[in-house]
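Novice: What follows is a structure written as structure tokens; I'll ask about it next.
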Amino acid sequence: MTADKLAARNMLQRMIVDFTTNELAPLDMAIDKLGNYPDGLFQKVIDNGLLGMILPREFGGAAFDYESAAEALHHMAFGNASMAVTLEGHFKTIEQFLKYGNEKLNQKYLPSATNRIFAFSQTEASGGSNPAGISTRAVKQGDNWVITGDKIMITNGGLAQVYCVLAKTEDDEFVVFVVDQDMPGFQFGKREYFLGLKGVPVGEIVMDHIVVPDYHMLGKIGQGHDIGNNAHDDARILMGAVLAGILEHELKIAIDYTKQRKALDTPLYELQIIQEKLADIAIAKQNTQLLYEAGAKAKDASQPYSEVAAMAKSYGSRAAVSAGDKALQVLAGYGYSREYPVEHLIRDARAMEIAEGTVEKMNTEISLSEVTK
Ligand SMILES: Cc1cc2nc3c(=O)[nH]c(=O)nc-3n(C[C@H](O)[C@H](O)[C@H](O)COP(=O)(O)OP(=O)(O)OC[C@H]3O[C@@H](n4cnc5c(N)ncnc54)[C@H](O)[C@@H]3O)c2cc1C
């Protein structure tokens, strides 16, 4: 890495740490309780240029590599995991434009990705793990396509203005189209009432005969699943980073508590049975970080990264839930209290055992990848 690039990356991380410390971390508990971002907070994310972090300069972005973006989301999730997941959903979608979008589509949409959120939607009411069963249809009409269907559980659904949607053609070929909220026939549906990541709206879009031109297709006819899988891979690296941030937060809460709480005259951190819990949380955080960093480095170097990305999210999500439980036990009664943040960190981490592919699906992929080596 050149000295200039390293300096820019360090500056980004300092900026993210400052933004997190001053703007996000103080609102972490409030976001969980409110079930939303407080008014004006998301605008600050836009004003600080964070939506354009990985966007190439020609579209007005800062052109950081994936490793820098993942590190940034790790720092951000230490203060608030919801906002880091909001950015994860946006970044993984931008990546699909950059990999599969044609020039006309990218020129039309990507300049607005610095101030508008983009989202990727595959899941339908029939299920998310087996997207072959989707019902959304794309029917060719002259030079246009007519899209009809209903997508649910979309990260940033309602907040995002631009959506990539997986659909089937009349010949049952899979395709991905870009639709936006201003198009006739586009409607927002229900927002999910989820357990954790309370700031992130996860919602539905209903598409009633939305007409889009041919160039709104990402990639080619038949590439829909590849694009969906690639979006998962890109998301999983970033979710690994978010999980490392959650683990770091769990560790800090547990350590701080053990320094001030005593068992009679002995600080808790001197008790071997407590030390074991702190060590487990620290090891889980380090392992998750190593996995997401390996995924991001491989992606930046154009090496295969699908398996290690799945490992980062599969390992990291289960580790963060389990570590959160250990941190809760260290704080005991206060850990179980909703006045303390540990319990919401467990709920936040739990989402990532499901979103962007369940642990079961990821472990199937990891094991298939191992047995076919
Ligand atoms: C916070 C959050 C954010 C989300 N964001 C998005 C988003 O941005 N875009 C989007 O499209 N979707 C999103 N989703 C939906 C998510 O992708 C799906 O919930 C997930 O794919 C699982 O689908 P399902 O809930 O329909 O469960 P199902 O697919 O019905 O699975 C039920 C159970 O069966 C298991 N199972 C099913 N099929 C298989 C299989 N073939 N092999 C092994 N096990 C299997 C699953 O692991 C699970 O345990 C989000 C979900 C959450 C919780």
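Just so we're on the same page: first chain in the structure tokens is A, next is B, and so on; residues restart at 1 for each chain, and ligands are numbered from 1 in the order they show up.
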Taking only C-alpha atoms and all ligand atoms and a cut-off of 8 Å, can you tell me which residues surround ligand 1, written as a PDB file with C-alpha atoms, in the first residue's frame?
Specialist:
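Writing the result to part33.pdb gives the following:
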ATOM      1  CA  GLY A  89     -26.734  -3.047   3.145  1.00  0.00           C
ATOM      2  CA  ALA A 119     -30.865  -1.983  -1.088  1.00  0.00           C
ATOM      3  CA  PHE A 120     -30.846  -5.560  -2.396  1.00  0.00           C
ATOM      4  CA  SER A 121     -33.964  -7.711  -2.203  1.00  0.00           C
ATOM      5  CA  GLN A 122     -34.338 -11.417  -2.817  1.00  0.00           C
ATOM      6  CA  THR A 123     -36.532 -12.650   0.037  1.00  0.00           C
ATOM      7  CA  GLU A 124     -40.260 -13.201  -0.455  1.00  0.00           C
ATOM      8  CA  ALA A 125     -42.960 -14.516   1.852  1.00  0.00           C
ATOM      9  CA  SER A 126     -42.338 -18.022   0.440  1.00  0.00           C
ATOM     10  CA  GLY A 127     -38.844 -18.018   2.023  1.00  0.00           C
ATOM     11  CA  GLY A 128     -35.375 -16.533   1.809  1.00  0.00           C
ATOM     12  CA  SER A 129     -33.076 -19.562   1.904  1.00  0.00           C
ATOM     13  CA  ASN A 130     -34.285 -21.005  -1.397  1.00  0.00           C
ATOM     14  CA  LYS A 151     -40.250  -8.474  -1.576  1.00  0.00           C
ATOM     15  CA  ILE A 152     -40.033  -8.612   2.204  1.00  0.00           C
ATOM     16  CA  MET A 153     -37.448  -8.214   4.983  1.00  0.00           C
ATOM     17  CA  ILE A 154     -35.242  -5.830   3.029  1.00  0.00           C
ATOM     18  CA  THR A 155     -32.472  -4.179   5.049  1.00  0.00           C
ATOM     19  CA  ASN A 156     -33.156  -0.423   4.909  1.00  0.00           C
ATOM     20  CA  GLY A 157     -36.578  -1.111   3.377  1.00  0.00           C
ATOM     21  CA  PHE A 194     -37.696  -7.286  14.763  1.00  0.00           C
ATOM     22  CA  GLY A 196     -32.661  -6.397  17.487  1.00  0.00           C
ATOM     23  CA  LEU A 197     -30.760  -3.937  15.278  1.00  0.00           C
ATOM     24  CA  VAL A 200     -32.389  -0.513  10.855  1.00  0.00           C
ATOM     25  CA  VAL A 202     -36.305  -3.936   7.587  1.00  0.00           C
ATOM     26  CA  ALA A 351     -29.972 -11.078  13.449  1.00  0.00           C
ATOM     27  CA  MET A 352     -26.763 -11.995  11.684  1.00  0.00           C
ATOM     28  CA  ILE A 354     -30.213 -15.162   9.752  1.00  0.00           C
ATOM     29  CA  ALA A 355     -29.703 -12.133   7.492  1.00  0.00           C
ATOM     30  CA  GLU A 356     -27.583 -12.583   4.329  1.00  0.00           C
ATOM     31  CA  GLY A 357     -28.011 -16.352   4.508  1.00  0.00           C
ATOM     32  CA  THR A 358     -28.759 -18.405   7.594  1.00  0.00           C
ATOM     33  CA  VAL A 359     -25.992 -20.144   9.516  1.00  0.00           C
ATOM     34  CA  GLU A 360     -27.363 -23.451   8.176  1.00  0.00           C
ATOM     35  CA  LYS A 361     -27.070 -22.246   4.562  1.00  0.00           C
ATOM     36  CA  THR A 364     -23.707 -26.044   3.935  1.00  0.00           C
TER      37      THR A 364
END
Novice: Quick one: everything within 9 Å of Leu291 in chain A, counting only C-alpha atoms, minus sequence neighbours fewer than 6 positions away in the same chain. Send it as a list in words.
Specialist: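 My reading of the contact set: Ile237, Gly240, Ala241, Val308, Ala309, Met311, Ala312, Lys313, Tyr315 and Gly316 of chain A.
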Novice: Can you spit out the residues from that selection as an mmCIF file, in the first residue's frame, using all heavy atoms?
Specialist:
data_model
loop_
_atom_site.group_PDB
_atom_site.id
_atom_site.type_symbol
_atom_site.label_atom_id
_atom_site.label_comp_id
_atom_site.auth_asym_id
_atom_site.auth_seq_id
_atom_site.Cartn_x
_atom_site.Cartn_y
_atom_site.Cartn_z
ATOM 1 N N ILE A 237 -18.747 -10.314 4.493
ATOM 2 C CA ILE A 237 -17.484 -9.725 4.978
ATOM 3 C C ILE A 237 -17.806 -8.559 5.913
ATOM 4 O O ILE A 237 -17.263 -8.445 7.021
ATOM 5 C CB ILE A 237 -16.632 -9.207 3.792
ATOM 6 C CG1 ILE A 237 -16.154 -10.376 2.918
ATOM 7 C CG2 ILE A 237 -15.443 -8.384 4.297
ATOM 8 C CD1 ILE A 237 -15.477 -9.934 1.625
ATOM 9 N N GLY A 240 -19.267 -9.605 9.137
ATOM 10 C CA GLY A 240 -18.188 -10.091 10.011
ATOM 11 C C GLY A 240 -17.571 -8.912 10.758
ATOM 12 O O GLY A 240 -17.302 -8.980 11.964
ATOM 13 N N ALA A 241 -17.371 -7.803 10.031
ATOM 14 C CA ALA A 241 -16.789 -6.600 10.649
ATOM 15 C C ALA A 241 -17.732 -6.029 11.711
ATOM 16 O O ALA A 241 -17.292 -5.629 12.798
ATOM 17 C CB ALA A 241 -16.505 -5.556 9.574
ATOM 18 N N VAL A 308 -14.466 -17.754 2.937
ATOM 19 C CA VAL A 308 -13.998 -17.071 4.158
ATOM 20 C C VAL A 308 -15.013 -16.003 4.595
ATOM 21 O O VAL A 308 -15.176 -15.735 5.802
ATOM 22 C CB VAL A 308 -12.555 -16.516 3.976
ATOM 23 C CG1 VAL A 308 -12.512 -15.296 3.077
ATOM 24 C CG2 VAL A 308 -11.934 -16.172 5.334
ATOM 25 N N ALA A 309 -15.741 -15.429 3.629
ATOM 26 C CA ALA A 309 -16.794 -14.465 3.988
ATOM 27 C C ALA A 309 -17.895 -15.180 4.771
ATOM 28 O O ALA A 309 -18.391 -14.668 5.785
ATOM 29 C CB ALA A 309 -17.366 -13.818 2.726
ATOM 30 N N MET A 311 -17.494 -17.884 6.522
ATOM 31 C CA MET A 311 -16.915 -18.223 7.834
ATOM 32 C C MET A 311 -16.990 -17.034 8.787
ATOM 33 O O MET A 311 -17.296 -17.192 9.975
ATOM 34 C CB MET A 311 -15.449 -18.641 7.677
ATOM 35 C CG MET A 311 -15.246 -20.002 7.064
ATOM 36 S SD MET A 311 -13.479 -20.279 6.862
ATOM 37 C CE MET A 311 -13.462 -21.998 6.357
ATOM 38 N N ALA A 312 -16.689 -15.843 8.263
ATOM 39 C CA ALA A 312 -16.685 -14.641 9.122
ATOM 40 C C ALA A 312 -18.068 -14.434 9.729
ATOM 41 O O ALA A 312 -18.203 -14.143 10.923
ATOM 42 C CB ALA A 312 -16.270 -13.414 8.322
ATOM 43 N N LYS A 313 -19.115 -14.597 8.925
ATOM 44 C CA LYS A 313 -20.463 -14.336 9.446
ATOM 45 C C LYS A 313 -21.001 -15.534 10.241
ATOM 46 O O LYS A 313 -21.652 -15.353 11.265
ATOM 47 C CB LYS A 313 -21.424 -13.972 8.311
ATOM 48 C CG LYS A 313 -22.743 -13.410 8.852
ATOM 49 C CD LYS A 313 -23.639 -12.902 7.763
ATOM 50 C CE LYS A 313 -24.537 -13.962 7.200
ATOM 51 N NZ LYS A 313 -25.679 -14.337 8.076
ATOM 52 N N TYR A 315 -19.222 -17.906 11.895
ATOM 53 C CA TYR A 315 -18.514 -17.959 13.181
ATOM 54 C C TYR A 315 -18.854 -16.725 14.026
ATOM 55 O O TYR A 315 -19.217 -16.836 15.210
ATOM 56 C CB TYR A 315 -16.989 -18.045 12.961
ATOM 57 C CG TYR A 315 -16.242 -17.911 14.266
ATOM 58 C CD1 TYR A 315 -16.094 -19.007 15.118
ATOM 59 C CD2 TYR A 315 -15.750 -16.674 14.684
ATOM 60 C CE1 TYR A 315 -15.468 -18.875 16.346
ATOM 61 C CE2 TYR A 315 -15.125 -16.532 15.910
ATOM 62 C CZ TYR A 315 -14.983 -17.639 16.741
ATOM 63 O OH TYR A 315 -14.378 -17.498 17.952
ATOM 64 N N GLY A 316 -18.738 -15.541 13.393
ATOM 65 C CA GLY A 316 -18.883 -14.283 14.133
ATOM 66 C C GLY A 316 -20.252 -14.122 14.765
ATOM 67 O O GLY A 316 -20.364 -13.645 15.900
#
Novice: Among range 114-304 of chain A, which ones does DSSP place in alpha helix (DSSP H), written as number ranges by chain?
Specialist: A: 224-260, 272-300
Novice: Determine, using only C-alpha atoms, which residues of range 75-106 of chain A have any atom at most 10 Å from an atom of range 222-228 of chain A, and tabulate each with its shortest atom pair and distance in Å to one decimal place, rows ordered by chain and then rising number, as CSV.
Specialist:
residue,atom,partner,partner_atom,distance
A:Thr93,CA,A:Gly228,CA,9.9
A:Gln96,CA,A:Ile227,CA,6.9
A:Phe97,CA,A:Ile227,CA,9.8
A:Lys99,CA,A:Ile227,CA,8.9
A:Tyr100,CA,A:Ile227,CA,7.7
Novice: Those residues you just picked out, can you put them in a file as a PDB file, in the first residue's frame with N, CA, C and O atoms?
Specialist:
ATOM      1  N   THR A  93     -24.850  -3.425  -1.974  1.00  0.00           N
ATOM      2  CA  THR A  93     -25.653  -3.186  -3.175  1.00  0.00           C
ATOM      3  C   THR A  93     -24.848  -2.391  -4.203  1.00  0.00           C
ATOM      4  O   THR A  93     -24.855  -2.711  -5.405  1.00  0.00           O
ATOM      5  N   GLN A  96     -22.713  -4.489  -6.314  1.00  0.00           N
ATOM      6  CA  GLN A  96     -23.329  -5.234  -7.431  1.00  0.00           C
ATOM      7  C   GLN A  96     -23.467  -4.336  -8.666  1.00  0.00           C
ATOM      8  O   GLN A  96     -23.319  -4.800  -9.787  1.00  0.00           O
ATOM      9  N   PHE A  97     -23.722  -3.042  -8.438  1.00  0.00           N
ATOM     10  CA  PHE A  97     -23.720  -2.104  -9.573  1.00  0.00           C
ATOM     11  C   PHE A  97     -22.320  -2.085 -10.196  1.00  0.00           C
ATOM     12  O   PHE A  97     -22.174  -2.130 -11.410  1.00  0.00           O
ATOM     13  N   LYS A  99     -19.996  -4.291 -10.162  1.00  0.00           N
ATOM     14  CA  LYS A  99     -19.585  -5.542 -10.819  1.00  0.00           C
ATOM     15  C   LYS A  99     -20.464  -5.862 -12.030  1.00  0.00           C
ATOM     16  O   LYS A  99     -19.966  -6.338 -13.045  1.00  0.00           O
ATOM     17  N   TYR A 100     -21.768  -5.615 -11.920  1.00  0.00           N
ATOM     18  CA  TYR A 100     -22.690  -6.092 -12.964  1.00  0.00           C
ATOM     19  C   TYR A 100     -23.430  -4.977 -13.712  1.00  0.00           C
ATOM     20  O   TYR A 100     -24.095  -5.251 -14.715  1.00  0.00           O
TER      21      TYR A 100
END
Novice: Name the residues in contact with Asp143 in chain A at a cut-off of 8 Å, using only C-alpha atoms, excluding same-chain residues fewer than 3 positions from it; report them as a list of chain:residue names.
Specialist: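 Here the answer would be A:Lys140, A:Pro213, A:Asp214.
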Novice: Just asking: which residues within range 66-246 of chain A are strand (DSSP E) according to DSSP, as a PyMOL selection string?
Specialist: chain A and resi 118-121+137-141+144-155+162-169+174-180+186-191+202-213+217-218
Novice: Please indicate the distance in Å from CA of Ala310 in chain A to CA of Met83 in chain A, rounded to one decimal place.
Specialist: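 So the two atoms, CA of Ala310 in chain A and CA of Met83 in chain A, lie 21.5 Å apart.
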Novice: Quick one: residues within 12 Å of Tyr257 in chain A, only C-alpha atoms, excluding same-chain residues fewer than 4 positions away - as a PDB file with C-alpha atoms, in the first residue's frame?
Specialist:
ATOM      1  CA  GLU A 250     -19.298  -6.791  24.765  1.00  0.00           C
ATOM      2  CA  LEU A 251     -15.686  -7.187  25.887  1.00  0.00           C
ATOM      3  CA  LYS A 252     -15.392  -3.546  26.952  1.00  0.00           C
ATOM      4  CA  ILE A 253     -18.615  -3.608  28.953  1.00  0.00           C
ATOM      5  CA  ARG A 261     -17.381  -4.517  40.882  1.00  0.00           C
ATOM      6  CA  LYS A 262     -15.950  -6.450  43.801  1.00  0.00           C
ATOM      7  CA  ALA A 263     -16.652  -9.827  45.357  1.00  0.00           C
ATOM      8  CA  PRO A 267     -12.245  -7.082  41.951  1.00  0.00           C
ATOM      9  CA  LEU A 268     -14.160  -9.466  39.697  1.00  0.00           C
ATOM     10  CA  TYR A 269     -11.372  -9.533  37.071  1.00  0.00           C
ATOM     11  CA  ILE A 274     -14.555 -14.507  35.430  1.00  0.00           C
ATOM     12  CA  LEU A 278     -13.277 -12.416  29.454  1.00  0.00           C
ATOM     13  CA  ALA A 327     -20.819 -10.716  29.247  1.00  0.00           C
ATOM     14  CA  LEU A 328     -24.389 -10.707  30.562  1.00  0.00           C
ATOM     15  CA  GLN A 329     -23.406 -13.310  33.157  1.00  0.00           C
ATOM     16  CA  VAL A 330     -20.409 -11.197  34.254  1.00  0.00           C
ATOM     17  CA  LEU A 331     -22.774  -8.283  34.916  1.00  0.00           C
ATOM     18  CA  ALA A 332     -25.327 -10.751  36.299  1.00  0.00           C
ATOM     19  CA  TYR A 334     -27.370  -5.641  35.683  1.00  0.00           C
ATOM     20  CA  GLY A 335     -26.543  -7.688  32.603  1.00  0.00           C
ATOM     21  CA  TYR A 340     -27.619  -1.876  30.392  1.00  0.00           C
ATOM     22  CA  VAL A 342     -25.486  -6.132  26.931  1.00  0.00           C
TER      23      VAL A 342
END
Novice: Determine, counting only C-alpha atoms, which protein, DNA and RNA residues have an atom within 12 Å of an atom of Met1 in chain A; residues of the same chain fewer than 4 positions away are not included. Present the result as a VMD selection string.
Specialist: chain A and resid 5 to 9 65 67 to 68 297 300 to 301
Novice: Choose the residue, out of A:Glu170, A:Asp4, A:Glu343, A:Asp348, that has the smallest atom-to-atom separation from Leu195 in chain A; count only C-alpha atoms.
Specialist: A:Asp348
Novice: Please identify all polymer residues within 12 Å of Lys44 in chain A, counting only C-alpha atoms, omitting same-chain residues fewer than 4 positions from it, and present them as a PyMOL selection string.
Specialist: chain A and resi 19-20+22-24+37-40+48-51+83+115
Novice: Please determine, counting only C-alpha atoms, which residue among A:Thr169, A:Leu264, A:Ser337, A:Ala69 has the shortest atom-to-atom distance to Gln141 in chain A.
Specialist: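 Comparing A:Thr169, A:Leu264, A:Ser337, A:Ala69 against Gln141 in chain A, the winner is A:Thr169.
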Novice: Just the number, please: distance in Å from CA of Glu204 in chain A to CA of Lys190 in chain A, one decimal.
Specialist: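 Atom-to-atom, CA of Glu204 in chain A and CA of Lys190 in chain A are spaced 5.4 Å apart.
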Novice: Just to confirm, what's the straight-line distance from CA of Phe59 in chain A to CA of Met15 in chain A in Å (one decimal)?
Specialist: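 Between CA of Phe59 in chain A and CA of Met15 in chain A the gap works out to 21.4 Å.
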Novice: Please list as a CSV table (one decimal) with all heavy atoms, in the first residue's frame every residue within 10 Å of range 101-109 of chain A, counting only C-alpha atoms and excluding residues in the same chain fewer than 6 positions away.
Specialist:
chain,number,residue,atom,x,y,z
A,58,GLU,N,-15.2,8.8,-9.8
A,58,GLU,CA,-16.0,9.3,-10.9
A,58,GLU,C,-17.4,9.5,-10.6
A,58,GLU,O,-18.1,10.2,-11.3
A,58,GLU,CB,-15.8,8.3,-12.1
A,58,GLU,CG,-16.3,6.9,-11.9
A,58,GLU,CD,-16.2,6.0,-13.1
A,58,GLU,OE1,-16.8,6.4,-14.1
A,58,GLU,OE2,-15.6,4.9,-12.9
A,59,PHE,N,-17.9,8.8,-9.5
A,59,PHE,CA,-19.3,8.9,-9.2
A,59,PHE,C,-19.5,9.8,-7.9
A,59,PHE,O,-20.5,9.9,-7.3
A,59,PHE,CB,-20.0,7.6,-8.9
A,59,PHE,CG,-20.0,6.7,-10.1
A,59,PHE,CD1,-19.2,5.5,-10.1
A,59,PHE,CD2,-20.6,7.0,-11.3
A,59,PHE,CE1,-19.2,4.7,-11.2
A,59,PHE,CE2,-20.6,6.2,-12.4
A,59,PHE,CZ,-19.8,5.0,-12.3
A,94,ILE,N,-24.1,-1.4,-3.7
A,94,ILE,CA,-23.3,-0.6,-4.6
A,94,ILE,C,-22.3,-1.6,-5.3
A,94,ILE,O,-22.0,-1.4,-6.6
A,94,ILE,CB,-22.5,0.5,-3.9
A,94,ILE,CG1,-23.4,1.6,-3.4
A,94,ILE,CG2,-21.4,1.0,-4.7
A,94,ILE,CD1,-22.7,2.7,-2.6
A,95,GLU,N,-21.8,-2.5,-4.6
A,95,GLU,CA,-20.8,-3.5,-5.2
A,95,GLU,C,-21.4,-4.2,-6.4
A,95,GLU,O,-20.7,-4.5,-7.3
A,95,GLU,CB,-20.3,-4.5,-4.1
A,95,GLU,CG,-19.3,-4.0,-3.1
A,95,GLU,CD,-18.0,-3.6,-3.8
A,95,GLU,OE1,-17.4,-4.4,-4.5
A,95,GLU,OE2,-17.6,-2.5,-3.6
A,116,ARG,N,-28.3,8.8,-1.3
A,116,ARG,CA,-29.5,7.9,-1.2
A,116,ARG,C,-29.1,6.5,-0.9
A,116,ARG,O,-28.0,6.1,-1.4
A,116,ARG,CB,-30.2,7.9,-2.6
A,116,ARG,CG,-30.7,9.3,-3.1
A,116,ARG,CD,-31.8,9.2,-4.1
A,116,ARG,NE,-31.5,8.5,-5.3
A,116,ARG,CZ,-32.3,8.1,-6.2
A,116,ARG,NH1,-33.6,8.3,-6.0
A,116,ARG,NH2,-32.0,7.5,-7.3
A,118,PHE,N,-29.1,2.5,-1.2
A,118,PHE,CA,-29.5,1.4,-2.1
A,118,PHE,C,-29.7,0.1,-1.3
A,118,PHE,O,-29.0,-0.1,-0.3
A,118,PHE,CB,-28.4,1.2,-3.1
A,118,PHE,CG,-28.2,2.3,-4.1
A,118,PHE,CD1,-28.6,3.6,-3.9
A,118,PHE,CD2,-27.6,2.1,-5.3
A,118,PHE,CE1,-28.4,4.6,-4.8
A,118,PHE,CE2,-27.4,3.1,-6.3
A,118,PHE,CZ,-27.8,4.4,-6.0
A,162,VAL,N,-33.5,3.2,-3.7
A,162,VAL,CA,-33.2,2.4,-5.0
A,162,VAL,C,-33.0,0.9,-4.5
A,162,VAL,O,-32.4,0.6,-3.6
A,162,VAL,CB,-31.9,2.9,-5.6
A,162,VAL,CG1,-31.5,2.1,-6.8
A,162,VAL,CG2,-32.0,4.4,-5.9
A,177,PHE,N,-33.2,-6.7,-11.5
A,177,PHE,CA,-33.5,-5.4,-12.0
A,177,PHE,C,-33.4,-4.3,-11.0
A,177,PHE,O,-33.6,-4.6,-9.8
A,177,PHE,CB,-35.0,-5.3,-12.6
A,177,PHE,CG,-35.0,-5.9,-14.0
A,177,PHE,CD1,-35.5,-7.1,-14.3
A,177,PHE,CD2,-34.6,-5.1,-15.1
A,177,PHE,CE1,-35.5,-7.6,-15.5
A,177,PHE,CE2,-34.7,-5.6,-16.4
A,177,PHE,CZ,-35.1,-6.9,-16.6
A,178,VAL,N,-33.2,-3.1,-11.4
A,178,VAL,CA,-33.1,-1.9,-10.5
A,178,VAL,C,-34.4,-1.2,-10.6
A,178,VAL,O,-34.8,-0.8,-11.7
A,178,VAL,CB,-31.9,-1.0,-10.8
A,178,VAL,CG1,-31.9,0.3,-10.0
A,178,VAL,CG2,-30.6,-1.8,-10.7
A,180,ASP,N,-36.8,2.1,-8.6
A,180,ASP,CA,-36.7,3.1,-7.5
A,180,ASP,C,-38.1,3.5,-7.1
A,180,ASP,O,-39.1,3.4,-7.8
A,180,ASP,CB,-35.7,4.2,-7.9
A,180,ASP,CG,-36.2,5.2,-8.9
A,180,ASP,OD1,-37.3,5.8,-8.6
A,180,ASP,OD2,-35.6,5.3,-9.9
A,213,PRO,N,-36.7,0.2,-18.3
A,213,PRO,CA,-36.0,-0.1,-19.6
A,213,PRO,C,-35.0,-1.3,-19.4
A,213,PRO,O,-34.6,-1.6,-18.3
A,213,PRO,CB,-35.3,1.2,-19.9
A,213,PRO,CG,-35.2,1.9,-18.6
A,213,PRO,CD,-36.3,1.5,-17.7
A,214,ASP,N,-34.7,-1.8,-20.6
A,214,ASP,CA,-33.8,-3.0,-20.6
A,214,ASP,C,-32.5,-2.7,-19.8
A,214,ASP,O,-32.0,-3.6,-19.2
A,214,ASP,CB,-33.4,-3.2,-22.1
A,214,ASP,CG,-33.1,-4.6,-22.4
A,214,ASP,OD1,-33.6,-5.5,-21.7
A,214,ASP,OD2,-32.4,-4.9,-23.4
A,215,TYR,N,-31.9,-1.5,-19.9
A,215,TYR,CA,-30.6,-1.3,-19.3
A,215,TYR,C,-30.7,-1.2,-17.8
A,215,TYR,O,-29.7,-1.1,-17.1
A,215,TYR,CB,-30.0,0.0,-19.8
A,215,TYR,CG,-30.6,1.3,-19.4
A,215,TYR,CD1,-30.2,1.9,-18.2
A,215,TYR,CD2,-31.5,1.9,-20.2
A,215,TYR,CE1,-30.7,3.1,-17.8
A,215,TYR,CE2,-32.1,3.1,-19.8
A,215,TYR,CZ,-31.7,3.7,-18.6
A,215,TYR,OH,-32.3,4.9,-18.2
A,216,HIS,N,-31.9,-1.4,-17.2
A,216,HIS,CA,-32.0,-1.5,-15.7
A,216,HIS,C,-31.7,-2.9,-15.2
A,216,HIS,O,-31.8,-3.2,-14.0
A,216,HIS,CB,-33.4,-1.1,-15.3
A,216,HIS,CG,-33.5,0.4,-15.0
A,216,HIS,ND1,-34.1,0.9,-13.8
A,216,HIS,CD2,-33.1,1.5,-15.7
A,216,HIS,CE1,-34.0,2.2,-13.9
A,216,HIS,NE2,-33.4,2.6,-15.0
A,217,MET,N,-31.4,-3.8,-16.1
A,217,MET,CA,-31.0,-5.1,-15.7
A,217,MET,C,-29.5,-5.1,-15.3
A,217,MET,O,-28.7,-4.6,-16.0
A,217,MET,CB,-31.2,-6.1,-16.9
A,217,MET,CG,-31.0,-7.6,-16.4
A,217,MET,SD,-31.0,-8.7,-17.9
A,217,MET,CE,-32.6,-8.5,-18.6
A,218,LEU,N,-29.2,-5.7,-14.1
A,218,LEU,CA,-27.8,-6.0,-13.7
A,218,LEU,C,-27.4,-7.2,-14.4
A,218,LEU,O,-28.1,-8.2,-14.3
A,218,LEU,CB,-27.7,-6.1,-12.2
A,218,LEU,CG,-27.8,-4.9,-11.3
A,218,LEU,CD1,-27.6,-5.3,-9.8
A,218,LEU,CD2,-26.8,-3.8,-11.7
A,219,GLY,N,-26.2,-7.2,-15.0
A,219,GLY,CA,-25.7,-8.5,-15.6
A,219,GLY,C,-26.6,-8.9,-16.8
A,219,GLY,O,-27.2,-8.0,-17.5
A,220,LYS,N,-26.8,-10.2,-16.9
A,220,LYS,CA,-27.5,-10.7,-18.1
A,220,LYS,C,-28.7,-11.6,-17.6
A,220,LYS,O,-28.7,-12.0,-16.5
A,220,LYS,CB,-26.6,-11.6,-19.0
A,220,LYS,CG,-25.4,-10.9,-19.5
A,220,LYS,CD,-24.7,-11.8,-20.5
A,220,LYS,CE,-23.2,-11.5,-20.6
A,220,LYS,NZ,-22.4,-12.6,-20.2
Novice: Would you mind telling me which residue in A:Gly324, A:Ile281, A:Cys164, A:Ala77 lies nearest to His344 in chain A when using only C-alpha atoms?
Specialist: A:Gly324
